[in-house]
Each structure stands twice: as C-alpha cells, then as structure tokens.
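Data from query-v7.txt: compact mmCIF, C-alpha atoms
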# COMPACT_ATOMS: atom_id res chain seq x y z
CA MET A 4 -145.72 -30.06 -7.23
CA LYS A 5 -143.12 -28.66 -9.51
CA ILE A 6 -140.37 -26.09 -9.46
CA VAL A 7 -138.52 -25.38 -12.68
CA ILE A 8 -134.87 -24.42 -12.93
CA VAL A 9 -134.40 -22.68 -16.22
CA GLY A 10 -131.20 -21.54 -17.83
CA GLY A 11 -128.95 -21.64 -20.86
CA PHE A 12 -126.85 -24.58 -21.98
CA GLY A 13 -124.14 -25.56 -19.50
CA VAL A 14 -125.17 -23.10 -16.80
CA GLY A 15 -125.49 -25.82 -14.15
CA LYS A 16 -129.19 -26.77 -14.14
CA THR A 17 -128.53 -30.50 -13.89
CA THR A 18 -125.89 -29.89 -11.23
CA MET A 19 -128.37 -27.92 -9.16
CA VAL A 20 -131.11 -30.56 -9.53
CA GLY A 21 -128.60 -33.23 -8.50
CA ALA A 22 -127.39 -31.23 -5.50
CA VAL A 23 -130.78 -31.22 -3.78
CA SER A 24 -132.61 -34.24 -5.24
CA GLU A 25 -133.08 -37.34 -3.12
CA ILE A 26 -132.70 -39.49 -6.22
CA ARG A 27 -130.02 -39.40 -8.87
CA PRO A 28 -131.40 -36.94 -11.45
CA LEU A 29 -133.29 -38.71 -14.22
CA SER A 30 -133.54 -37.45 -17.73
CA THR A 31 -136.24 -37.78 -20.28
CA GLU A 32 -137.48 -36.06 -23.36
CA GLU A 33 -140.47 -34.48 -24.95
CA VAL A 34 -141.09 -34.35 -28.65
CA MET A 35 -142.03 -31.03 -30.13
CA THR A 36 -144.88 -31.50 -32.53
CA GLU A 37 -144.82 -30.09 -36.01
CA ALA A 38 -147.53 -27.55 -35.25
CA SER A 39 -145.52 -26.11 -32.38
CA VAL A 40 -142.62 -25.29 -34.67
CA GLY A 41 -144.66 -22.32 -35.83
CA ILE A 42 -144.02 -20.59 -32.51
CA ASP A 43 -140.51 -19.80 -33.67
CA ASP A 44 -141.24 -19.05 -37.28
CA PRO A 45 -144.53 -19.73 -39.02
CA SER A 46 -142.81 -20.07 -42.38
CA ARG A 47 -141.08 -23.22 -41.20
CA VAL A 48 -144.25 -25.11 -40.31
CA ARG A 49 -144.11 -26.94 -43.59
CA ASP A 50 -140.75 -28.48 -42.78
CA LYS A 51 -141.66 -31.92 -41.52
CA THR A 52 -139.30 -31.77 -38.61
CA THR A 53 -139.86 -32.61 -35.01
CA THR A 54 -137.58 -31.28 -32.32
CA THR A 55 -136.77 -33.23 -29.22
CA VAL A 56 -136.05 -31.44 -25.99
CA ALA A 57 -134.27 -33.18 -23.13
CA PHE A 58 -134.81 -32.25 -19.52
CA ASP A 59 -133.61 -33.54 -16.18
CA PHE A 60 -135.53 -33.86 -13.00
CA GLY A 61 -135.12 -34.78 -9.39
CA ARG A 62 -137.42 -35.09 -6.42
CA ILE A 63 -137.81 -33.98 -2.83
CA THR A 64 -140.39 -35.66 -0.62
CA VAL A 65 -142.53 -33.04 1.10
CA SER A 66 -144.93 -35.28 3.00
CA ASP A 67 -146.51 -38.73 2.82
CA SER A 68 -148.82 -37.48 0.14
CA SER A 69 -146.83 -34.91 -1.75
CA VAL A 70 -143.59 -34.80 -3.66
CA LEU A 71 -141.82 -31.79 -5.11
CA TYR A 72 -140.29 -32.36 -8.54
CA LEU A 73 -137.44 -30.16 -9.71
CA PHE A 74 -137.07 -29.80 -13.43
CA GLY A 75 -134.01 -28.49 -15.20
CA ALA A 76 -135.27 -26.98 -18.43
CA PRO A 77 -133.43 -25.31 -21.29
CA GLY A 78 -134.31 -21.64 -21.56
CA GLN A 79 -133.63 -21.08 -25.24
CA GLU A 80 -136.45 -19.64 -27.25
CA ARG A 81 -137.04 -22.75 -29.33
CA PHE A 82 -137.67 -24.90 -26.24
CA TRP A 83 -140.39 -22.84 -24.66
CA PHE A 84 -143.17 -25.06 -25.91
CA VAL A 85 -142.26 -27.45 -23.07
CA TRP A 86 -143.58 -24.95 -20.59
CA ASP A 87 -147.13 -25.37 -21.70
CA GLN A 88 -146.89 -29.13 -21.91
CA LEU A 89 -144.85 -30.00 -18.87
CA PHE A 90 -144.46 -27.17 -16.45
CA ALA A 91 -147.92 -25.64 -16.30
CA GLY A 92 -148.95 -25.46 -12.67
CA SER A 93 -145.41 -25.03 -11.34
CA LEU A 94 -145.08 -23.27 -8.01
CA GLY A 95 -142.38 -21.08 -9.46
CA ALA A 96 -139.04 -20.98 -11.22
CA VAL A 97 -135.37 -20.39 -10.59
CA VAL A 98 -133.53 -18.63 -13.41
CA LEU A 99 -129.94 -19.84 -13.20
CA VAL A 100 -127.51 -17.43 -14.81
CA ASP A 101 -123.87 -17.44 -15.80
CA THR A 102 -122.45 -13.89 -15.60
CA ARG A 103 -120.33 -14.60 -18.69
CA ARG A 104 -123.52 -15.17 -20.70
CA LEU A 105 -126.14 -12.99 -19.10
CA GLU A 106 -127.87 -12.51 -22.43
CA ASP A 107 -128.91 -16.19 -22.32
CA SER A 108 -131.34 -15.28 -19.54
CA PHE A 109 -133.13 -12.35 -21.15
CA TYR A 110 -135.62 -14.49 -22.98
CA SER A 111 -136.39 -16.74 -19.99
CA ILE A 112 -137.05 -13.76 -17.76
CA ASP A 113 -139.32 -12.19 -20.38
CA ARG A 114 -141.30 -15.40 -20.76
CA LEU A 115 -141.68 -15.99 -17.03
CA GLU A 116 -143.02 -12.46 -16.60
CA HIS A 117 -145.35 -13.04 -19.54
CA HIS A 118 -146.64 -16.29 -18.00
CA ASN A 119 -147.01 -14.62 -14.58
CA MET A 120 -144.79 -17.35 -13.19
CA PRO A 121 -143.08 -16.16 -9.99
CA PHE A 122 -139.31 -16.57 -10.06
CA VAL A 123 -136.01 -15.78 -8.41
CA VAL A 124 -132.67 -15.34 -10.16
CA ALA A 125 -129.61 -17.24 -8.97
CA VAL A 126 -126.11 -16.43 -10.20
CA ASN A 127 -124.03 -19.58 -10.45
CA ARG A 128 -120.55 -18.47 -9.41
CA PHE A 129 -118.16 -20.66 -11.33
CA SER A 130 -115.17 -18.79 -9.99
CA GLU A 131 -114.22 -15.95 -7.70
CA GLY A 132 -114.92 -12.44 -8.88
CA GLY A 133 -117.26 -11.49 -11.66
CA PRO A 134 -119.78 -8.68 -11.55
CA SER A 135 -121.58 -7.80 -8.33
CA LEU A 136 -125.22 -8.72 -7.81
CA ASP A 137 -126.12 -5.05 -8.24
CA ALA A 138 -124.41 -5.00 -11.61
CA VAL A 139 -126.20 -8.21 -12.62
CA ARG A 140 -129.54 -6.77 -11.53
CA THR A 141 -128.96 -3.71 -13.67
CA ALA A 142 -127.77 -5.73 -16.66
CA LEU A 143 -130.85 -7.98 -16.47
CA ASP A 144 -133.14 -5.00 -15.88
CA LEU A 145 -134.63 -6.94 -12.99
CA SER A 146 -137.47 -5.41 -10.97
CA PRO A 147 -136.49 -4.56 -7.37
CA GLY A 148 -139.06 -7.05 -6.06
CA ILE A 149 -137.42 -10.07 -7.65
CA PRO A 150 -134.91 -11.81 -5.39
CA LEU A 151 -131.39 -12.16 -6.80
CA VAL A 152 -128.91 -14.42 -5.01
CA ASP A 153 -125.46 -15.92 -5.49
CA CYS A 154 -125.11 -19.68 -5.48
CA ASP A 155 -122.79 -22.57 -6.15
CA ALA A 156 -124.83 -25.17 -8.04
CA ARG A 157 -122.52 -27.94 -6.78
CA GLU A 158 -123.28 -27.23 -3.14
CA ARG A 159 -126.40 -28.69 -1.57
CA GLN A 160 -126.64 -25.97 1.09
CA SER A 161 -126.30 -23.25 -1.53
CA CYS A 162 -129.02 -24.73 -3.79
CA LYS A 163 -131.22 -25.29 -0.78
CA HIS A 164 -130.86 -21.58 0.03
CA VAL A 165 -131.94 -20.67 -3.54
CA LEU A 166 -135.08 -22.83 -3.30
CA ILE A 167 -135.93 -21.47 0.14
CA THR A 168 -135.53 -17.95 -1.26
CA LEU A 169 -138.05 -18.85 -3.97
CA VAL A 170 -140.61 -20.32 -1.56
CA GLU A 171 -140.26 -17.34 0.80
CA HIS A 172 -140.72 -15.05 -2.19
CA LEU A 173 -143.92 -16.94 -3.11
CA THR A 174 -145.17 -16.68 0.45
CA ARG A 175 -144.62 -12.91 0.54
CA LEU A 176 -146.15 -12.51 -2.92
CA TYR A 177 -149.35 -14.30 -2.00
CA GLU A 178 -149.66 -12.60 1.39
CA ARG A 179 -149.83 -9.30 -0.46
CA THR A 180 -152.35 -10.53 -3.00
CA PRO A 181 -154.62 -13.06 -1.30
CA VAL A 182 -156.90 -15.18 -3.49
CA MET B 27 -124.04 -33.26 -21.23
CA SER B 28 -123.65 -35.98 -23.81
CA ARG B 29 -127.02 -37.60 -23.56
CA ARG B 30 -128.03 -39.91 -26.33
CA PRO B 31 -131.39 -38.97 -27.77
CA ILE B 32 -133.78 -41.78 -26.89
CA ASP B 33 -135.49 -41.81 -30.22
CA ARG B 34 -132.42 -41.59 -32.42
CA GLU B 35 -132.07 -45.22 -33.33
CA SER B 36 -135.63 -45.89 -34.43
CA PRO B 37 -138.17 -43.13 -34.85
CA ASP B 38 -140.58 -45.79 -36.06
CA ARG B 39 -140.60 -47.28 -32.59
CA LEU B 40 -142.48 -44.27 -31.23
CA TYR B 41 -145.08 -44.67 -33.96
CA THR B 42 -145.41 -48.39 -33.37
CA VAL B 43 -145.81 -48.33 -29.59
CA THR B 44 -148.67 -45.87 -29.82
CA GLY B 45 -150.36 -47.57 -32.75
CA GLY B 46 -149.85 -44.45 -34.84
CA ARG B 47 -151.51 -42.08 -32.40
CA THR B 48 -149.64 -38.85 -31.87
CA ARG B 49 -151.74 -37.07 -29.28
CA ALA B 50 -153.09 -37.83 -25.87
CA ASP B 51 -155.66 -35.79 -24.08
CA GLU B 52 -153.25 -33.48 -22.29
CA THR B 53 -155.69 -32.72 -19.52
CA VAL B 54 -155.89 -36.28 -18.15
CA PHE B 55 -152.28 -36.57 -17.00
CA ASP B 56 -150.00 -33.92 -15.62
CA SER B 57 -146.27 -34.57 -15.98
CA VAL B 58 -146.13 -35.22 -12.24
CA SER B 59 -149.45 -37.07 -11.82
CA LEU B 60 -148.84 -40.25 -9.85
CA ILE B 61 -149.76 -43.47 -11.61
CA VAL B 62 -150.78 -46.53 -9.60
CA SER B 63 -151.19 -50.05 -11.03
CA GLU B 64 -154.52 -51.65 -10.22
CA CYS B 65 -153.67 -55.10 -11.60
CA ASP B 66 -150.80 -57.29 -12.69
CA PRO B 67 -149.77 -57.58 -16.32
CA VAL B 68 -151.48 -60.37 -18.24
CA PRO B 69 -150.05 -62.48 -21.08
CA GLY B 70 -150.43 -60.90 -24.50
CA MET B 71 -150.20 -57.33 -23.28
CA GLN B 72 -148.05 -54.85 -25.18
CA SER B 73 -144.60 -54.86 -23.57
CA GLU B 74 -144.70 -51.13 -22.75
CA HIS B 75 -147.99 -51.62 -20.91
CA VAL B 76 -146.46 -54.51 -18.98
CA LYS B 77 -143.50 -52.33 -17.97
CA ILE B 78 -145.75 -49.49 -16.86
CA LEU B 79 -147.82 -51.81 -14.67
CA GLN B 80 -144.63 -53.16 -13.13
CA ILE B 81 -143.12 -49.71 -12.51
CA ALA B 82 -146.36 -48.30 -11.09
CA ARG B 83 -146.78 -50.94 -8.39
CA ARG B 84 -145.36 -48.12 -6.29
CA PRO B 85 -147.05 -44.79 -7.15
CA THR B 86 -144.85 -43.28 -9.84
CA ALA B 87 -144.94 -39.92 -11.63
CA VAL B 88 -145.53 -39.76 -15.38
CA VAL B 89 -142.07 -38.24 -15.95
CA GLU B 90 -140.43 -41.04 -13.96
CA ILE B 91 -142.17 -43.66 -16.11
CA SER B 92 -141.03 -41.72 -19.17
CA ALA B 93 -137.41 -41.75 -17.97
CA GLU B 94 -137.57 -45.44 -17.10
CA LEU B 95 -139.11 -46.50 -20.42
CA ARG B 96 -136.90 -44.08 -22.36
CA LEU B 97 -139.93 -42.81 -24.21
CA PRO B 98 -141.03 -39.17 -24.60
CA VAL B 99 -143.58 -37.92 -22.09
CA SER B 100 -146.28 -37.46 -24.73
CA VAL B 101 -145.89 -41.08 -25.89
CA VAL B 102 -146.13 -42.32 -22.30
CA LYS B 103 -149.34 -40.32 -21.84
CA ILE B 104 -150.90 -42.15 -24.80
CA LEU B 105 -149.92 -45.52 -23.33
CA LEU B 106 -151.26 -44.49 -19.92
CA ARG B 107 -154.55 -43.48 -21.46
CA ASP B 108 -154.97 -47.05 -22.76
CA LEU B 109 -154.41 -48.45 -19.28
CA LEU B 110 -156.68 -45.88 -17.65
CA ASP B 111 -159.51 -46.57 -20.08
CA THR B 112 -159.36 -50.27 -19.28
CA GLY B 113 -159.20 -49.67 -15.53
CA ARG B 114 -155.70 -51.07 -15.11
CA ILE B 115 -154.26 -47.94 -13.52
CA THR B 116 -155.55 -45.06 -11.45
CA VAL B 117 -154.23 -41.51 -11.39
CA ARG B 118 -153.48 -39.31 -8.44
CA HIS B 119 -153.38 -35.74 -9.55
CA PRO B 120 -150.72 -33.42 -8.17
CA THR B 121 -151.56 -30.97 -5.43
CA ALA B 122 -153.84 -28.54 -7.15
CA LEU B 123 -153.21 -24.84 -7.18
CA ALA B 124 -156.10 -22.68 -6.08
CA ASP B 125 -158.28 -21.02 -8.69
CA ALA B 126 -156.05 -17.99 -9.01
CA GLY B 127 -153.05 -20.24 -9.59
CA GLN B 128 -151.82 -19.70 -6.06
CA PRO B 129 -150.78 -22.55 -3.79
CA ALA B 130 -152.38 -22.69 -0.36
CA PRO B 131 -150.20 -21.09 2.37
CA GLU B 132 -150.16 -24.49 4.11
CA ILE B 133 -148.59 -26.10 1.02
CA LEU B 134 -145.84 -23.49 0.89
CA ARG B 135 -145.19 -23.97 4.59
CA GLN B 136 -144.81 -27.73 4.09
CA VAL B 137 -142.41 -27.19 1.18
CA LEU B 138 -140.35 -24.77 3.27
CA VAL B 139 -140.10 -27.32 6.08
CA ALA B 140 -139.05 -30.04 3.62
CA LEU B 141 -136.38 -27.78 2.11
CA ASN B 142 -135.06 -26.79 5.52
CA ASN B 143 -134.76 -30.48 6.40
CA LEU B 144 -132.62 -31.27 3.36

Translate this file's structure into structure tokens.
Amino acid sequence: MKIVIVGGFGVGKTTMVGAVSEIRPLSTEEVMTEASVGIDDPSRVRDKTTTTVAFDFGRITVSDSSVLYLFGAPGQERFWFVWDQLFAGSLGAVVLVDTRRLEDSFYSIDRLEHHNMPFVVAVNRFSEGGPSLDAVRTALDLSPGIPLVDCDARERQSCKHVLITLVEHLTRLYERTPV
Amino acid sequence: MSRRPIDRESPDRLYTVTGGRTRADETVFDSVSLIVSECDPVPGMQSEHVKILQIARRPTAVVEISAELRLPVSVVKILLRDLLDTGRITVRHPTALADAGQPAPEILRQVLVALNNL
C-alpha cells in the first residue's frame, strides 16, 4: 500500500516521511523517458534529454502481510509523470504546503482532483503566525469537503495526525459512495 | 537536499546492466510489489542479479531494491523481469484495491490501527 506526500521543493516532504517511518527514509530515482517529455511541451520531444526525478520513501508495517509505504514526491509540473509509473494505486495523498509559497500547491491539487485521488492538505508551520487555515483554504480554493490541517513535519505525533486525518477522510468518502 | 544523482557518473552503466533494454512490462511489478528470492546466486550471474537475490532473501519491495542498488526503478524492473522469467524470484503483489479503486473498509481499519500505534 502507498500514500504519497506531495509538495514543492523544500516544503518538508522528506522530514515528514522520516518522522513517521520505521526505517531511515531511503531515496531512489526514476528516469523520465524521452517520450514522456512531451507532457510538458510536445515541441521539446526531439531534444534527446532524459530527466531524473528523485523521491524518498519510508515504511510503516500494518500487519504481518502488509506494509504501508510513504512516498515523498515533488509536485512540480514536470515531475508528474512519476504518478503514473510509481504511485498508481495509492490509497491517497497528503499535499504538504508552505504558506509562503502556496502557489506551489495549485498544480498538485489540480492533478490530484483530475486523477480522482483522495487527498488532505497539511500546512507545515515553519514558524509561529502566518495565515489562518481559513485564509489558506480560500487562497487554495479548496472544496469544503477536503480536510485541511496544521502540522509540524518534524514532529512524529503531528505527522501521525495528518495521516490519520487522511485515512479517516478515505473511510468517510467510501462510506458515502460504496463500491 | 543535496543528493547526488545516482546515474551522474556513468549513464552508460544503466544501458549496460539492462543489455540495452529501456522498458519493462510495467504491469508485472508495482513499485511496492514484494520480491522474494527462490534460489541462491550462482557463479557467472550478472552482479546486479546476484545483489537482488541477496537482498530479496527477505521479502523486499521493488523501490527498496532500487534504493539499495542505486539504480532507477525502471532499470530494476527490467532486471527483475529476467529473474522472474527464469524462476529465480517470485512476486507478491501489493494489497489490491477493489474494482472501483477503493480499498476494502477492513484495510483502512488496519491502517488506522497501525497509525494509531505509531
């Protein structure tokens, strides 16, 4: 099983993975194939470049037979090809946002909605103050049904709360729309 | 984050370890499929195959093998396909989502319990 933590550069994805993982977060990479480059701009397909995207992951043992993997994935537009290749079948996603760079999250939120991937939004509070959750909700144009919580990505309890919020959100979502 | 790209020093290495193949059948392995060795390495095997068989003595996810070998996930999938085709590994697929893409309520309950126990 997978949960993806998506966010802009330096927003605290790796920190959050590390805070709840039972192993030291590992990092690996995926190579973006030439054909995929066309997603950004078809005119660049002829450039023989490959892009490499790095991502971190950690794990939480759920039972003897199942393990939950947490992936920290970059949310920038040019990295979204990794979703199809790596994160298909995820339970859901956490969008981690920095209130100083809210615009970094617009694209991620759009894509998650497009993919019908359930998600919650967590505001990583780097310091005291900053805009209220209501202000963030308005700025992100977030639907009322999508949970929005504060967190401190360095704190295990805080990250745990974010993940629990996501799983409870999934539970409610699927109760309303049974298979 | 000052991670060193794993393919910076020798892009040719990725080509060499896969014998020039650039694509694996994406449907065979999920990034979190668990790989299990079914035999010990034998002399003459490609070194990456040897390492995979050693790592997967304990069931290990594709991404974990990728991190350990410092090779991209897609390259690891190609190597795994070789081992699968020759019966040297088996694959345990991750907990499947139901047809509509929804996890069973029981699965979510288990995850919630695991998170609460953190």

Can you list, as a list of chain:residue names, every protein, DNA or RNA residue that comes within 9 Å of Gly21 (chain A) when you count all atoms listed in the file, leaving out same-chain residues fewer than 3 positions away?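 My list of contacting residues is A:Lys16, A:Thr17, A:Thr18, A:Ser24, A:Glu25, A:Ile26, A:Arg27, A:Pro28, A:Phe60, A:Gly61, A:Ala156, A:Arg157, A:Arg159.
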
For Glu90 (chain B), which residue out of B:Leu109, B:Ser57, B:Val62, B:Asn143 is the nearest one, using all atoms listed in the file?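 When distances to Glu90 (chain B) are compared using all atoms listed in the file, the smallest one comes from B:Ser57.
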
Distance-based interface of chain A with chain B, 7 Å, counting only C-alpha atoms, as a list of chain:residue names: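 Close enough to count are A:Met4, A:Leu29, A:Ser30, A:Thr31, A:Glu32, A:Glu33, A:Val34, A:Val65, A:Leu89, A:Gly92, A:Lys163, A:Ile167, A:Val170, A:Thr174, A:Val182.
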
Taking C-alpha atoms for each residue, export the selection above as a JSON list (two decimals), in the frame of the given file.
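So out30.json came out as:
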[["chain", "number", "residue", "atom", "x", "y", "z"],
["A", 4, "MET", "CA", -145.72, -30.06, -7.23],
["A", 29, "LEU", "CA", -133.29, -38.71, -14.22],
["A", 30, "SER", "CA", -133.54, -37.45, -17.73],
["A", 31, "THR", "CA", -136.24, -37.78, -20.28],
["A", 32, "GLU", "CA", -137.48, -36.06, -23.36],
["A", 33, "GLU", "CA", -140.47, -34.48, -24.95],
["A", 34, "VAL", "CA", -141.09, -34.35, -28.65],
["A", 65, "VAL", "CA", -142.53, -33.04, 1.10],
["A", 89, "LEU", "CA", -144.85, -30.00, -18.87],
["A", 92, "GLY", "CA", -148.95, -25.46, -12.67],
["A", 163, "LYS", "CA", -131.22, -25.29, -0.78],
["A", 167, "ILE", "CA", -135.93, -21.47, 0.14],
["A", 170, "VAL", "CA", -140.61, -20.32, -1.56],
["A", 174, "THR", "CA", -145.17, -16.68, 0.45],
["A", 182, "VAL", "CA", -156.90, -15.18, -3.49]]

Record the distance separating CA of Asp108 (chain B) and CA of Gln72 (chain B), expressed in Å with one decimal.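 Calculated distance between CA of Asp108 (chain B) and CA of Gln72 (chain B) is 10.7 Å.
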
Record the distance separating CA of Gly13 (chain A) and CA of Val88 (chain B), expressed in Å with one decimal. 26.0 Å

For CA of Val123 (chain A) and CA of Glu171 (chain A), quote the distance in Å rounded to one decimal. 10.3 Å

Selected residue, from A:Gly133, A:Pro121, A:Gly10, A:Gly95, that lies nearest to Gln79 (chain A) when counting only C-alpha atoms: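 For Gln79 (chain A), the nearest of the candidates is A:Gly10.
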
Would you mind telling me which residue in B:Arg84, B:Lys103, B:Arg47, B:Lys77 lies nearest to Gln88 (chain A) when using only C-alpha atoms? B:Lys103

May I have the protein, DNA and RNA residues with any atom at most 8 Å from the point (-135.2, -27.7, -15.5), counting only C-alpha atoms, written as a PyMOL selection string? chain A and resi 7-10+16-17+20+58-60+73-77

Choose the residue, out of A:Leu115, A:Leu94, A:Leu143, A:Ala138, that has the smallest atom-to-atom separation from Leu176 (chain A); count only C-alpha atoms.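 Answer, going by the shortest atom-to-atom distance: A:Leu94.
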
Using only C-alpha atoms, pick whichever of B:Leu79, B:Val117, B:Leu40, B:Leu110 has the shortest atom-to-atom distance to Cys65 (chain B).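 Under the stated criterion, the closest residue is B:Leu79.
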